[in-house]
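Printed here is final_2.txt (compact mmCIF, C-alpha atoms and all ligand atoms):
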# COMPACT_ATOMS: atom_id res chain seq x y z
CA MET A 1 32.15 -13.19 6.07
CA THR A 2 28.91 -14.36 4.52
CA ILE A 3 26.14 -16.34 6.16
CA ASP A 4 24.54 -19.45 4.71
CA ALA A 5 20.75 -19.12 4.62
CA VAL A 6 20.16 -22.86 4.91
CA ALA A 7 22.49 -23.42 7.87
CA LEU A 8 21.02 -20.42 9.72
CA ALA A 9 17.46 -21.63 9.06
CA GLN A 10 18.43 -25.05 10.47
CA ASP A 11 19.89 -23.43 13.61
CA LEU A 12 16.68 -21.43 14.10
CA ILE A 13 14.42 -24.48 13.59
CA ARG A 14 16.43 -26.34 16.24
CA CYS A 15 15.12 -23.87 18.85
CA PRO A 16 11.58 -25.12 19.65
CA SER A 17 10.22 -21.59 20.02
CA VAL A 18 6.50 -22.31 20.25
CA THR A 19 4.73 -19.07 21.26
CA PRO A 20 5.45 -17.57 23.79
CA ARG A 21 8.75 -19.46 24.30
CA ASP A 22 11.99 -18.22 22.72
CA ASP A 23 14.21 -21.20 23.49
CA GLY A 24 17.32 -19.50 22.15
CA ALA A 25 15.99 -18.51 18.72
CA LEU A 26 16.65 -14.79 19.09
CA GLY A 27 20.09 -15.60 20.52
CA VAL A 28 20.92 -17.51 17.33
CA LEU A 29 19.89 -14.46 15.35
CA GLU A 30 21.85 -12.04 17.54
CA ALA A 31 24.95 -14.21 17.17
CA ALA A 32 24.60 -13.96 13.38
CA LEU A 33 23.82 -10.23 13.27
CA THR A 34 26.34 -8.83 15.76
CA PRO A 35 29.48 -9.78 13.75
CA LEU A 36 27.88 -8.10 10.72
CA GLY A 37 27.82 -4.83 12.66
CA PHE A 38 24.21 -4.78 13.85
CA VAL A 39 23.44 -3.21 17.22
CA CYS A 40 20.97 -5.56 18.89
CA HIS A 41 18.30 -4.62 21.41
CA ARG A 42 16.53 -7.44 23.23
CA LEU A 43 13.09 -6.23 24.27
CA ARG A 44 11.11 -8.22 26.78
CA PHE A 45 7.48 -7.22 27.14
CA GLU A 46 4.83 -8.54 29.44
CA GLN A 47 1.34 -7.62 30.43
CA GLU A 48 -0.81 -8.89 33.23
CA GLY A 49 -2.53 -12.08 32.18
CA THR A 50 -0.08 -12.80 29.36
CA ALA A 51 3.27 -14.60 29.32
CA PRO A 52 6.38 -12.40 28.89
CA VAL A 53 7.74 -12.40 25.34
CA GLU A 54 11.23 -11.78 23.93
CA ASN A 55 11.64 -9.52 20.90
CA LEU A 56 14.66 -8.27 18.96
CA TYR A 57 15.33 -4.99 17.21
CA ALA A 58 18.67 -4.91 15.39
CA ARG A 59 19.98 -2.01 13.34
CA LEU A 60 23.01 -1.62 11.11
CA GLY A 61 23.91 2.03 10.58
CA THR A 62 22.68 5.20 12.23
CA GLU A 63 21.69 7.27 9.20
CA GLY A 64 18.39 7.32 7.38
CA PRO A 65 16.70 6.00 5.40
CA ASN A 66 15.98 2.98 7.57
CA PHE A 67 14.85 -0.11 5.65
CA CYS A 68 13.30 -2.67 7.98
CA PHE A 69 12.72 -6.40 7.63
CA ALA A 70 10.02 -7.65 10.00
CA GLY A 71 9.22 -11.16 11.06
CA HIS A 72 8.74 -13.59 13.90
CA THR A 73 10.75 -16.44 15.38
CA ASP A 74 7.84 -17.94 17.28
CA VAL A 75 6.07 -20.90 15.70
CA VAL A 76 2.76 -22.68 16.13
CA PRO A 77 2.83 -25.99 18.04
CA PRO A 78 3.87 -29.03 15.98
CA GLY A 79 0.56 -30.79 16.62
CA GLU A 80 0.43 -34.62 16.51
CA LEU A 81 4.10 -35.65 16.70
CA LYS A 82 3.12 -39.07 15.37
CA GLY A 83 1.93 -37.33 12.21
CA TRP A 84 5.41 -35.95 11.41
CA SER A 85 7.68 -38.11 9.32
CA ILE A 86 10.70 -36.08 10.53
CA ASP A 87 11.41 -34.50 13.94
CA PRO A 88 9.85 -30.99 13.71
CA PHE A 89 12.75 -29.42 15.62
CA ALA A 90 15.75 -31.24 14.11
CA GLY A 91 16.23 -28.99 11.08
CA THR A 92 16.72 -32.00 8.80
CA ILE A 93 17.26 -31.78 5.05
CA HIS A 94 15.74 -34.65 3.10
CA ASN A 95 15.24 -34.85 -0.69
CA ASP A 96 16.37 -31.21 -1.13
CA ARG A 97 13.74 -30.06 1.34
CA LEU A 98 14.32 -28.47 4.73
CA TYR A 99 11.81 -29.85 7.22
CA GLY A 100 10.71 -28.38 10.51
CA ARG A 101 8.20 -26.20 12.31
CA GLY A 102 8.90 -22.66 11.14
CA ALA A 103 10.77 -23.69 7.97
CA VAL A 104 8.16 -21.76 5.95
CA ASP A 105 6.47 -19.61 8.62
CA MET A 106 8.88 -17.98 8.96
CA LYS A 107 12.37 -18.83 10.20
CA GLY A 108 13.40 -19.68 6.64
CA ALA A 109 12.67 -16.15 5.42
CA ILE A 110 14.53 -14.55 8.34
CA ALA A 111 17.60 -16.68 7.56
CA ALA A 112 17.28 -15.81 3.85
CA PHE A 113 17.26 -12.09 4.67
CA VAL A 114 20.23 -12.21 7.07
CA ALA A 115 22.22 -14.19 4.50
CA ALA A 116 21.33 -11.62 1.82
CA VAL A 117 22.50 -8.78 4.07
CA SER A 118 25.81 -10.56 4.70
CA ARG A 119 26.44 -10.94 0.96
CA ARG A 120 25.58 -7.28 0.28
CA LEU A 121 27.96 -6.15 3.01
CA ALA A 122 30.74 -8.38 1.68
CA ALA A 123 30.24 -7.02 -1.83
CA ASP A 124 29.57 -3.32 -1.27
CA GLY A 125 30.21 -2.53 2.39
CA PRO A 126 27.71 -0.69 4.60
CA PRO A 127 24.67 0.82 2.82
CA ALA A 128 23.94 4.55 2.48
CA GLY A 129 21.37 4.32 5.25
CA SER A 130 20.34 1.70 7.78
CA ILE A 131 19.12 -1.87 7.60
CA SER A 132 17.07 -3.04 10.56
CA LEU A 133 15.32 -6.19 11.67
CA LEU A 134 12.24 -6.18 13.86
CA ILE A 135 11.77 -9.76 15.02
CA THR A 136 9.08 -10.71 17.50
CA GLY A 137 8.36 -13.83 19.51
CA ASP A 138 4.65 -13.04 19.69
CA GLU A 139 3.06 -13.25 16.25
CA GLU A 140 1.35 -16.63 16.30
CA GLY A 141 -0.18 -15.95 19.71
CA VAL A 142 -2.18 -13.00 20.99
CA ALA A 143 0.35 -10.52 19.48
CA ILE A 144 0.09 -8.25 22.51
CA ASN A 145 3.74 -8.26 23.61
CA GLY A 146 5.28 -8.24 20.16
CA THR A 147 5.57 -6.02 17.09
CA LYS A 148 3.09 -3.42 18.34
CA LYS A 149 5.12 -2.77 21.50
CA VAL A 150 8.45 -2.77 19.64
CA LEU A 151 7.03 -0.11 17.29
CA ASP A 152 5.91 1.96 20.28
CA TRP A 153 9.39 1.55 21.82
CA LEU A 154 10.96 2.75 18.56
CA ALA A 155 8.64 5.74 18.38
CA ALA A 156 9.47 6.68 21.98
CA ARG A 157 13.19 6.64 21.06
CA GLY A 158 12.49 8.83 18.03
CA GLU A 159 13.54 6.09 15.62
CA THR A 160 11.68 5.88 12.36
CA LEU A 161 11.25 3.18 9.74
CA ASP A 162 11.07 4.42 6.15
CA ALA A 163 9.89 1.23 4.46
CA CYS A 164 9.27 -2.30 5.65
CA LEU A 165 9.35 -5.76 4.13
CA VAL A 166 7.57 -8.52 6.07
CA GLY A 167 8.84 -12.04 5.35
CA GLU A 168 5.57 -13.97 5.82
CA PRO A 169 4.98 -16.79 3.33
CA THR A 170 3.08 -15.10 0.49
CA ASN A 171 3.43 -17.45 -2.47
CA PRO A 172 0.56 -19.93 -3.00
CA LYS A 173 2.47 -22.41 -5.16
CA ALA A 174 5.88 -21.24 -6.37
CA LEU A 175 8.44 -18.60 -5.46
CA GLY A 176 7.51 -15.44 -7.37
CA ASP A 177 3.72 -15.95 -7.39
CA MET A 178 2.55 -13.20 -5.09
CA ILE A 179 3.39 -10.08 -3.10
CA LYS A 180 0.94 -8.99 -0.42
CA ILE A 181 0.27 -5.27 -0.53
CA GLY A 182 -2.44 -5.20 2.10
CA ARG A 183 -4.60 -7.37 4.26
CA ARG A 184 -8.26 -7.67 5.05
CA GLY A 185 -9.40 -6.73 8.52
CA SER A 186 -10.77 -9.24 11.02
CA LEU A 187 -13.68 -8.63 13.36
CA THR A 188 -15.43 -11.09 15.65
CA GLY A 189 -18.96 -10.50 16.91
CA HIS A 190 -20.61 -12.17 19.91
CA LEU A 191 -24.39 -11.88 19.82
CA THR A 192 -26.68 -12.76 22.73
CA VAL A 193 -30.45 -12.61 22.25
CA PHE A 194 -32.65 -12.45 25.38
CA GLY A 195 -36.17 -13.70 26.06
CA ALA A 196 -38.06 -15.26 28.96
CA GLN A 197 -37.91 -18.94 29.93
CA GLY A 198 -41.09 -21.03 30.01
CA HIS A 199 -42.95 -24.26 29.29
CA THR A 200 -43.11 -25.30 25.62
CA ALA A 201 -46.78 -26.20 26.11
CA TYR A 202 -47.50 -22.64 27.27
CA PRO A 203 -45.42 -20.55 24.86
CA HIS A 204 -47.68 -17.52 25.37
CA LEU A 205 -46.33 -17.36 28.94
CA ALA A 206 -42.72 -17.32 27.70
CA ASP A 207 -40.73 -15.26 25.20
CA ASN A 208 -38.66 -17.51 22.99
CA PRO A 209 -35.49 -15.68 21.86
CA LEU A 210 -34.49 -18.34 19.33
CA PRO A 211 -36.73 -17.31 16.39
CA ARG A 212 -35.28 -13.80 16.72
CA LEU A 213 -31.72 -15.19 16.88
CA VAL A 214 -32.37 -17.18 13.71
CA ARG A 215 -33.83 -14.15 11.91
CA MET A 216 -30.90 -11.96 12.99
CA LEU A 217 -28.37 -14.46 11.69
CA ALA A 218 -30.34 -14.81 8.46
CA ALA A 219 -30.33 -11.04 8.04
CA ILE A 220 -26.53 -10.78 8.20
CA THR A 221 -25.78 -13.84 6.06
CA GLU A 222 -28.37 -13.76 3.27
CA LYS A 223 -26.59 -11.16 1.11
CA PRO A 224 -22.86 -10.67 0.36
CA MET A 225 -21.41 -7.73 2.29
CA ASP A 226 -19.94 -6.30 -0.92
CA GLU A 227 -18.69 -7.33 -4.35
CA GLY A 228 -15.01 -6.68 -3.65
CA THR A 229 -12.99 -3.51 -4.35
CA ALA A 230 -10.13 -2.58 -6.67
CA HIS A 231 -7.50 -4.49 -4.69
CA PHE A 232 -9.60 -6.69 -2.42
CA GLN A 233 -11.81 -9.75 -2.75
CA PRO A 234 -15.35 -9.53 -1.34
CA SER A 235 -15.68 -9.36 2.45
CA THR A 236 -16.87 -12.56 4.12
CA LEU A 237 -18.94 -13.34 7.19
CA ALA A 238 -18.73 -16.81 8.72
CA LEU A 239 -20.93 -18.02 11.57
CA THR A 240 -18.60 -19.93 13.88
CA THR A 241 -20.97 -21.16 16.59
CA ILE A 242 -24.58 -21.02 17.72
CA ASP A 243 -25.08 -21.93 21.37
CA VAL A 244 -28.18 -22.45 23.45
CA GLY A 245 -27.07 -25.34 25.65
CA ASN A 246 -30.63 -26.38 26.45
CA PRO A 247 -30.83 -30.08 27.42
CA ALA A 248 -34.63 -30.04 27.98
CA THR A 249 -37.16 -30.68 25.23
CA ASN A 250 -40.02 -28.99 27.07
CA VAL A 251 -38.36 -25.75 28.12
CA ILE A 252 -38.15 -22.54 26.11
CA PRO A 253 -34.70 -21.12 26.88
CA ALA A 254 -34.12 -17.61 28.20
CA GLN A 255 -31.31 -16.79 25.79
CA GLY A 256 -29.37 -17.90 22.74
CA LYS A 257 -25.91 -16.94 21.56
CA ALA A 258 -24.01 -16.88 18.30
CA THR A 259 -20.48 -15.92 17.26
CA PHE A 260 -19.33 -14.87 13.82
CA ASN A 261 -16.09 -13.73 12.21
CA ILE A 262 -15.95 -11.12 9.46
CA ARG A 263 -12.97 -10.65 7.12
CA PHE A 264 -13.52 -7.21 5.64
CA ASN A 265 -12.01 -5.17 2.85
CA ASP A 266 -11.40 -1.44 2.48
CA ALA A 267 -15.09 -0.76 1.79
CA HIS A 268 -15.69 -1.08 5.55
CA THR A 269 -14.45 0.13 8.92
CA PRO A 270 -15.16 -1.56 12.26
CA ALA A 271 -17.61 1.29 13.00
CA SER A 272 -19.47 0.92 9.71
CA ILE A 273 -19.74 -2.84 10.25
CA GLU A 274 -21.06 -2.37 13.76
CA SER A 275 -23.75 0.04 12.62
CA TRP A 276 -24.76 -2.32 9.77
CA LEU A 277 -25.01 -5.22 12.26
CA ARG A 278 -27.06 -3.21 14.76
CA GLY A 279 -29.34 -2.05 11.97
CA CYS A 280 -30.03 -5.66 10.97
CA PHE A 281 -30.60 -6.74 14.58
CA ASP A 282 -32.76 -3.73 15.49
CA ALA A 283 -34.99 -4.49 12.50
CA VAL A 284 -35.71 -7.92 14.01
CA GLY A 285 -36.25 -6.32 17.42
CA GLY A 286 -36.19 -7.59 21.00
CA ALA A 287 -33.44 -7.44 23.59
CA TYR A 288 -29.94 -8.37 22.48
CA GLU A 289 -26.32 -7.68 23.34
CA LEU A 290 -23.54 -7.34 20.77
CA ASP A 291 -19.84 -7.52 21.68
CA ILE A 292 -17.35 -6.73 18.95
CA HIS A 293 -13.61 -7.40 18.87
CA CYS A 294 -11.56 -6.12 15.95
CA SER A 295 -8.07 -7.66 15.81
CA GLY A 296 -6.98 -5.66 12.78
CA GLU A 297 -8.40 -3.19 10.29
CA SER A 298 -7.96 -3.63 6.59
CA PHE A 299 -5.10 -1.73 4.96
CA LEU A 300 -3.51 -1.25 1.59
CA THR A 301 -0.08 -0.09 0.46
CA ALA A 302 -1.24 1.34 -2.85
CA PRO A 303 0.77 0.06 -5.80
CA GLY A 304 3.65 2.53 -6.19
CA PRO A 305 7.43 2.79 -5.82
CA LEU A 306 7.83 0.29 -2.94
CA THR A 307 5.56 -2.42 -4.36
CA GLU A 308 7.13 -1.89 -7.79
CA LEU A 309 10.66 -2.22 -6.41
CA VAL A 310 9.85 -5.53 -4.74
CA ALA A 311 7.94 -6.83 -7.78
CA GLU A 312 10.82 -5.95 -10.09
CA ALA A 313 13.33 -7.60 -7.77
CA VAL A 314 11.24 -10.79 -7.77
CA GLU A 315 11.02 -10.66 -11.56
CA THR A 316 14.76 -10.07 -11.94
CA ALA A 317 15.64 -13.02 -9.71
CA THR A 318 12.95 -15.51 -10.79
CA GLY A 319 11.85 -14.36 -14.25
CA ARG A 320 8.27 -14.29 -12.92
CA ARG A 321 6.11 -11.23 -12.38
CA PRO A 322 4.34 -11.57 -9.00
CA GLU A 323 0.69 -10.74 -8.53
CA TYR A 324 -0.29 -8.01 -6.05
CA SER A 325 -2.69 -9.50 -3.54
CA THR A 326 -4.51 -8.77 -0.29
CA THR A 327 -5.79 -12.30 0.37
CA GLY A 328 -5.29 -14.45 3.44
CA GLY A 329 -5.33 -13.81 7.16
CA THR A 330 -3.85 -10.97 9.15
CA SER A 331 -0.17 -10.41 9.87
CA ASP A 332 1.92 -7.99 11.89
CA ALA A 333 1.93 -5.73 8.82
CA ARG A 334 -1.35 -4.48 10.31
CA PHE A 335 0.66 -2.72 13.03
CA ILE A 336 3.58 -1.60 10.83
CA LYS A 337 1.33 0.14 8.27
CA ASN A 338 0.73 2.89 10.82
CA PHE A 339 4.45 3.75 10.72
CA CYS A 340 5.63 3.28 7.11
CA PRO A 341 4.72 1.66 3.79
CA VAL A 342 4.85 -2.12 4.15
CA VAL A 343 4.79 -5.03 1.70
CA GLU A 344 5.08 -8.75 2.33
CA PHE A 345 7.07 -11.33 0.43
CA GLY A 346 8.37 -14.68 1.66
CA LEU A 347 8.38 -18.39 0.95
CA VAL A 348 5.73 -20.72 -0.51
CA GLY A 349 2.93 -21.14 2.03
CA GLN A 350 1.67 -24.64 1.11
CA THR A 351 2.79 -26.40 4.31
CA MET A 352 2.62 -23.59 6.89
CA HIS A 353 1.11 -24.66 10.22
CA LYS A 354 0.77 -28.24 8.84
CA LEU A 355 2.42 -31.52 9.75
CA ASP A 356 5.75 -31.98 7.90
CA GLU A 357 6.15 -28.23 7.28
CA HIS A 358 8.98 -27.84 4.79
CA THR A 359 10.53 -25.64 2.13
CA LEU A 360 12.53 -26.55 -0.93
CA VAL A 361 16.18 -25.72 -0.23
CA SER A 362 16.22 -24.05 -3.66
CA ASP A 363 13.34 -21.78 -2.56
CA LEU A 364 15.32 -20.76 0.49
CA THR A 365 18.37 -19.78 -1.56
CA GLY A 366 16.08 -18.31 -4.23
CA LEU A 367 14.33 -16.11 -1.66
CA SER A 368 17.71 -15.00 -0.33
CA ALA A 369 18.72 -14.01 -3.89
CA ILE A 370 15.50 -11.97 -4.24
CA TYR A 371 16.10 -10.23 -0.91
CA GLU A 372 19.61 -9.43 -2.10
CA VAL A 373 18.28 -7.71 -5.23
CA ILE A 374 15.83 -5.75 -3.06
CA LEU A 375 18.67 -4.63 -0.77
CA GLN A 376 20.80 -3.71 -3.78
CA ARG A 377 18.12 -1.35 -5.07
CA VAL A 378 16.48 -0.11 -1.96
CA PHE A 379 19.04 2.48 -0.91
CA THR A 380 19.15 4.23 -4.26
CA ASN A 381 15.37 4.36 -4.20
CA LEU A 382 14.36 4.63 -0.56
CA PRO A 383 14.28 8.44 -0.47
CA VAL A 384 11.47 8.36 -3.03
CA LEU A 385 9.67 5.27 -1.77
CA THR A 386 7.46 7.11 0.66
CA SER A 387 6.41 9.71 -1.89
CA PRO A 388 3.30 8.42 -3.66
CA THR A 389 3.95 10.44 -6.82
CA ALA A 390 7.60 9.49 -7.19
CA SER A 391 8.82 6.91 -9.68
CA ILE A 392 11.74 4.54 -9.17
CA ALA A 393 15.12 5.78 -10.34
CA GLY A 394 17.83 3.58 -11.83
CA SER A 395 16.52 0.19 -10.81
CA ASN A 396 18.87 -1.66 -13.14
CA GLY A 397 21.03 -3.27 -10.43
ZN ZN A 401 3.95 -16.16 10.14

Written form, structure tokens:
Amino acid sequence: MTIDAVALAQDLIRCPSVTPRDDGALGVLEAALTPLGFVCHRLRFEQEGTAPVENLYARLGTEGPNFCFAGHTDVVPPGELKGWSIDPFAGTIHNDRLYGRGAVDMKGAIAAFVAAVSRRLAADGPPAGSISLLITGDEEGVAINGTKKVLDWLAARGETLDACLVGEPTNPKALGDMIKIGRRGSLTGHLTVFGAQGHTAYPHLADNPLPRLVRMLAAITEKPMDEGTAHFQPSTLALTTIDVGNPATNVIPAQGKATFNIRFNDAHTPASIESWLRGCFDAVGGAYELDIHCSGESFLTAPGPLTELVAEAVETATGRRPEYSTTGGTSDARFIKNFCPVVEFGLVGQTMHKLDEHTLVSDLTGLSAIYEVILQRVFTNLPVLTSPTASIAGSNG
């Protein structure tokens, strides 16, 4: 029995699983995986102050190595419904394109992978190892009750992943453009600068914090943080808001605030960034408070056997050699990299999170064909994938 990637993607899109809702999406997946022989574990996690979230871990086989496909069935809200030319949750095909929220990010890729597994099983039977899927319903939201907790649950059971493929949309324009082998980190800083309120006509009786705030922000934005590294583009710092909220024209305010977001490469750690920031602010002087939240550190799966296997599979199926990249936002790969080597390859990202999100039907079947080549090769090569010095054996499948 083989599964049709397009039909499964349509079924998944028809579940309006806007984070944190599941609305039957994981059930659709379970119903596809169970007849293939997967043992499915539904994992519901909650934490005070957050909505409970459904997750799914499914595994075929009990032996190692364990090759894992990771992804998410939750989607971002459709936005202005009036702006859609087709119902975002109908799973409609029009002009050889499958429309719907999640078509690209990333129900399409999940369906492509499950279909690829079904064809491999029909052709060759069970693999010499295990295939697993780690699918969360909490990727587009706060990502507290999702992949991170499933990984902890796996570790507590003594289950290991040996290599992981994340199906996020990675191709800028066409299938075969790009594999992501790492991601930049993301850190948000909240700066508050303190002074003393007073009359603008008597500034010597007040202490205006705003000139210091301006100088502090100038200090962190006037020079690039770095020039980029071997596999990463330069780090960036974007001011996102400056707030004083002072409605009076004759009052010096007591404080001013600013928020900024830094996307950083492997030249930095959250600690090194914090000490650089404090150094800049201390040089300006005065009282300030700095709150820092890091939602993910930068990471890199150094080019090697796993990245090469995926790149070669893409080239075999599409005739195009994909670029290795670390661009873009964060993904759940930031959690998985602590457990095993991880690379990302999925659909074309052009319409993700937009109105009229859609994928070419031919991209969906093309991605499924690529995943099939990966599966074909992965079990002859997986034992060496985690060894950085090993080369790939017999990848002529
Ligand atoms: Zn996504």

Next item on the list: Please identify every polymer residue within 10 Å of ligand ZN 401 (chain A), using only C-alpha atoms and all ligand atoms, and present the set as a ChimeraX atom specification.
Entry: /A:71-76,102,104-107,109,139-140,166-170,330-332,346,349,352-353

Item checked: For Gly285 (chain A): contacts at 10 Å, all atoms listed in the file, fewer than 4 positions along chain excluded, given as JSON, numbers by chain -> {"A": [193, 212, 213, 215, 216, 279, 280, 281]}

Next item on the list: Could you give me, as a VMD selection string, the residues that have an atom at most 9 Å away from the point (-1.7, -11.7, 27.6) in the coordinates of the file, using all atoms listed in the file?
Entry: chain A and resid 46 to 52 142 to 145

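Compared by their closest atoms to Ala5 (chain A), and using all atoms listed in the file, the residues A:Asp226, A:Glu372, A:Glu357, A:Asp152 rank with A:Glu372 nearest.
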
For His358 (chain A): contacts at 10 Å, only C-alpha atoms, fewer than 3 positions along chain excluded, given as a PDB file with C-alpha atoms, in the frame of the given file:
ATOM      1  CA  PRO A  88       9.850 -30.990  13.710  1.00  0.00           C
ATOM      2  CA  GLY A  91      16.230 -28.990  11.080  1.00  0.00           C
ATOM      3  CA  THR A  92      16.720 -32.000   8.800  1.00  0.00           C
ATOM      4  CA  ILE A  93      17.260 -31.780   5.050  1.00  0.00           C
ATOM      5  CA  HIS A  94      15.740 -34.650   3.100  1.00  0.00           C
ATOM      6  CA  ARG A  97      13.740 -30.060   1.340  1.00  0.00           C
ATOM      7  CA  LEU A  98      14.320 -28.470   4.730  1.00  0.00           C
ATOM      8  CA  TYR A  99      11.810 -29.850   7.220  1.00  0.00           C
ATOM      9  CA  GLY A 100      10.710 -28.380  10.510  1.00  0.00           C
ATOM     10  CA  ARG A 101       8.200 -26.200  12.310  1.00  0.00           C
ATOM     11  CA  GLY A 102       8.900 -22.660  11.140  1.00  0.00           C
ATOM     12  CA  ALA A 103      10.770 -23.690   7.970  1.00  0.00           C
ATOM     13  CA  VAL A 104       8.160 -21.760   5.950  1.00  0.00           C
ATOM     14  CA  ASP A 105       6.470 -19.610   8.620  1.00  0.00           C
ATOM     15  CA  GLY A 108      13.400 -19.680   6.640  1.00  0.00           C
ATOM     16  CA  VAL A 348       5.730 -20.720  -0.510  1.00  0.00           C
ATOM     17  CA  GLY A 349       2.930 -21.140   2.030  1.00  0.00           C
ATOM     18  CA  GLN A 350       1.670 -24.640   1.110  1.00  0.00           C
ATOM     19  CA  THR A 351       2.790 -26.400   4.310  1.00  0.00           C
ATOM     20  CA  MET A 352       2.620 -23.590   6.890  1.00  0.00           C
ATOM     21  CA  LYS A 354       0.770 -28.240   8.840  1.00  0.00           C
ATOM     22  CA  LEU A 355       2.420 -31.520   9.750  1.00  0.00           C
ATOM     23  CA  VAL A 361      16.180 -25.720  -0.230  1.00  0.00           C
TER      24      VAL A 361
END

Notebook entry, point to check: Which residues come within 12 Å of Asp96 (chain A), counting all atoms listed in the file, excluding same-chain residues fewer than 6 positions away, as JSON, numbers by chain?
Noted result: {"A": [6, 358, 359, 360, 361, 362, 363, 364, 365]}

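The interatomic distance for the pair CA of Ser130 (chain A) and CA of Pro20 (chain A) works out to 29.1 Å.
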
Margin query: Rounded to one decimal, what separation in Å do you get between CA of Thr249 (chain A) and CA of Phe194 (chain A)?
Written below: 18.8 Å

Please give the centre and size of the box around region 174-188 of chain A (axis-aligned, containing every atom listed in the file, 4 Å added per side), with values in Å to one decimal and written as AutoDock Vina command-line options.
--center_x -3.5 --center_y -13.2 --center_z 4.1 --size_x 31.9 --size_y 24.0 --size_z 31.0

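Proximity of A:Asp124, A:Leu81, A:Val39, A:Gly137 to Asp22 (chain A), computed with all atoms listed in the file, is greatest for A:Gly137.
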
Find the residues of region 308-357 of chain A that sit at most 10 Å from region 231-246 of chain A; for each, write down the nearest two atoms and how far apart they are in Å, to one decimal. Count all atoms listed in the file. Sort by chain, then by number going up, and give it as CSV.
residue,atom,partner,partner_atom,distance
A:Tyr324,CA,A:His231,CA,8.1
A:Ser325,CA,A:His231,CA,7.0
A:Thr326,CA,A:Phe232,CA,5.9
A:Thr327,CA,A:Gln233,CA,7.2

Next item on the list: Find the residues near Leu36 (chain A): any atom within 10 Å, counting all atoms listed in the file, skip ones fewer than 2 places away on the same chain, and give them as a PyMOL selection string.
Entry: chain A and resi 1-3+30-34+38-39+60+114+117-118+121-122+126

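Here CA of Cys164 (chain A) stands at a distance of 4.7 Å from CA of Cys68 (chain A).
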
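Across A:Ile181, A:Leu133, A:Ala123, A:Ala25, the tightest approach to Leu306 (chain A) is made by A:Ile181 when counting all atoms listed in the file.
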